[in-house]
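Each remark here refers to the structure printed beneath this line.
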Amino acid sequence: MQNINDNRDNWNDRAEVHMHGGYGDIDAFIDDPQATTAVARRDMAVLRPYLPHHSLRGQKLMHLQCHIGTDTLSWARLGAEEVWGLDFSSVSLSYAKETARRAGEHIHFVESDARYAASAMPEQRGSFNVVVTSAGTITWLPDLQQWAQSIAELLAPGGVFMIRDDHPLLFALDNMGLTVVQDYFSGTEVSYESHSSYTEGSENTIAHGHNHNWAHDFQEIIGSLLGAGLEIVAVGEQRITEWRSLPILEFSENDEGWHMPKGMPDIPLTFSVVARKR
């Protein structure tokens, strides 16, 4: 429990950093009704083939681990009829609510650990057509069994779940991305001290620097979803990521993301899974 409290304190600090410059011009993003994040657009590309009529129109969507709500707002702008966001950080949610209000979008927000999302909103069980999570999420969860069960409980029959997150391989690599330095398999926990976030210019801006991450291999990710009764309908591995998960990555304006440098081994940086509730 202390590890989760450490992470919550850390993400409360990160919310302040990300809202005040770390995520770029938030005011411009809020004011442009057509603006969406690269994360949400890439997630939508994975999700679209499994939606009715390849559209979010008429769909009720839950965004797990929503942070300050820029991706959550994007899901509303991408066409979801009703959007919910959930996060364990109260500071993140306060900014998410402010962002949605200023953008003129009615989005529901819930404070909870993603593993217990269904218990935090029992009246919404079985009501969501779509549940999504993305970009640096499950490494902050100690285990995935309750997480997967909660997702299954939130989904309506026929509903779909989509995760697109850092590839499990990255957890085992050194910062250069070239050498395996720690265990790959689930059950591996890494605790470390860092007073920076993953955004540029964030050095020494995080007061609560205790971080705890957990490895989740493909066997656990897919096995947890199957164990919760979901049907796996797609698995993908991608060469592009939205954040500089390894220092050697180079940014491509055309792809709106980071990739391995030319001449270096090409490895997957993100993975995706789409699952459906029968």
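We name chains A, B, ... following the order of the structure tokens; residues begin at 1 in each chain, and ligands are numbered from 1 as shown.
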For Arg77 in chain A, list every protein, DNA or RNA residue within 9 Å, evaluated using only C-alpha atoms, and leave out those in the same chain fewer than 6 positions away; present the list as a PyMOL selection string. chain A and resi 33-36+105
Tell me which protein, DNA and RNA residues are within 9 Å of Asp217 in chain A, counting only C-alpha atoms, leaving out same-chain ones fewer than 2 positions away, and put them as a list in words. His167, Pro168, Leu169, Tyr184, Phe185, Ser186, Ala215, Gln219, Glu220, Ile221 and Ile222 of chain A
Write out, as a Markdown table, each residue of range 215-256 of chain A that has an atom at most 6 Å from range 268-272 of chain A, together with the closest pair of atoms and their distance in Å to one decimal, counting only C-alpha atoms, rows going by chain and rising number.
| residue | atom | partner | partner_atom | distance |
| --- | --- | --- | --- | --- |
| A:Val235 | CA | A:Ser272 | CA | 5.6 |
| A:Gly236 | CA | A:Ser272 | CA | 4.9 |
| A:Glu237 | CA | A:Phe271 | CA | 4.2 |
| A:Gln238 | CA | A:Thr270 | CA | 5.2 |
| A:Arg239 | CA | A:Pro268 | CA | 4.9 |
Selected residues written out, C-alpha atoms, as a short mmCIF file (atom, residue, chain, number, x, y, z; two decimals), in the first residue's frame:
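Ended up saving to result-v2.cif:
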data_model
loop_
_atom_site.label_atom_id
_atom_site.label_comp_id
_atom_site.auth_asym_id
_atom_site.auth_seq_id
_atom_site.Cartn_x
_atom_site.Cartn_y
_atom_site.Cartn_z
CA VAL A 235 -2.62 -7.96 -30.70
CA GLY A 236 -0.13 -5.51 -32.17
CA GLU A 237 3.44 -4.25 -31.74
CA GLN A 238 4.45 -0.79 -32.90
CA ARG A 239 7.68 1.05 -33.73
#
Near Thr133 in chain A, within 6 Å and counting only C-alpha atoms, which residues show up once chain neighbours fewer than 2 positions away are dropped, as a list of chain:residue names?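 Contacts, with the query itself left out: A:His63, A:Leu64, A:Ile163.
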Non-local contacts of Ala148 in chain A (10 Å; only C-alpha atoms; under 3 positions in same chain excluded) as a list of chain:residue names: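 The contact residues come out as A:Ala114, A:Arg115, A:Tyr116, A:Asp143, A:Leu144, A:Gln145, A:Ile151, A:Ala152, A:Glu153, A:Leu154, A:Phe161, A:Ile221, A:Ile222, A:Gly223, A:Ser224, A:Leu225, A:Leu226, A:Gly227, A:Ala228, A:Gly229, A:Leu230.
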